[in-house]
Amino acid sequence: MKDFAKSIRKIRSDKGYSQDYVAMKLNISTSSYSKIERGQTDPSLSRMKQIAEVLEFDLGEVLMEKPALTIGNTQELNSNEAYGFVMRKEFEESLRLILDLQLKIAQLAEKLEQGG
C-alpha cells in the first residue's frame with residue numbers, strides 16, 4: 001500500500017488540496033487521513049474508492065501502476081509485508097475490480113490485434 005499512499009499524496013498535492021480538506025470530504029480526522037498517506041494505515045477498498053472520488057482519479061489506473069503478482073507466484077512476496085485481515089465483501093469487490101480490469105485489457109488487446 002506504500003505505492004497507493006505515495007500516489008494519493010502526489011495527486012492531492014498536484015490538485016492543491018490540503019489533507020484537512022480531503023479528510024473533511026471523507027468524514028474522517030486529518031490524522032487518520034495523514035496515516036493513510038504515510039502508509040501507516042492500509043485503507044479498505046471502499047475507502048480507496050472514496051479517496052479516488054474526492055481526488056478525482058481512476059482507482060484502477062493507480063492500482064495497476066505496480067506489476068501485479070499472479071496467483072501462486074508467492075516467491076516474490078516480501079515475507080515481512082503484512083496483508084492484514086480482509087472481509088469477504090472487500091475480497092469480492094477486489095476480485096470484481098480485477099476481473100473488470102482483465103476484461104478491459106483483453107478488449108484493448110483484441111482491438112490492437114485487429115488494427116485499432
# chains A, B, ... in the order shown; residues from 1 in each chain; ligands from 1
>>> residues_around(residues="segment 17-20 of chain A", least_positions_apart="6", cutoff="9 Å", atoms="only C-alpha atoms", output="list of chain:residue names")
A:Arg9, A:Ile11, A:Ser29, A:Thr30, A:Ser31, A:Tyr33, A:Ser34, A:Leu55
>>> residues_around(residues="Ser7 of chain A", least_positions_apart="2", cutoff="12 Å", atoms="only C-alpha atoms", output="VMD selection string")
chain A and resid 1 to 5 9 to 14 36 to 39 48 51 to 52 55 57 to 59 61 to 66
>>> closest_residue(among="A:Leu45, A:Leu112, A:Ile8, A:Val22", to="Glu90 of chain A", atoms="only C-alpha atoms")
A:Leu45
>>> atom_distance(atom1="atom CA of Glu110 of chain A", atom2="atom CA of Glu92 of chain A")
26.7 Å
>>> closest_residue(among="A:Lys6, A:Gln114, A:Lys35, A:Val54", to="Tyr21 of chain A", atoms="only C-alpha atoms")
A:Val54
>>> atom_distance(atom1="atom CA of Ala109 of chain A", atom2="atom CA of Phe91 of chain A")
26.7 Å
>>> closest_residue(among="A:Lys25, A:Glu56, A:Ala106, A:Lys89", to="Ser44 of chain A", atoms="only C-alpha atoms")
A:Lys89
>>> atom_distance(atom1="atom CA of Arg96 of chain A", atom2="atom CA of Ser46 of chain A")
12.8 Å
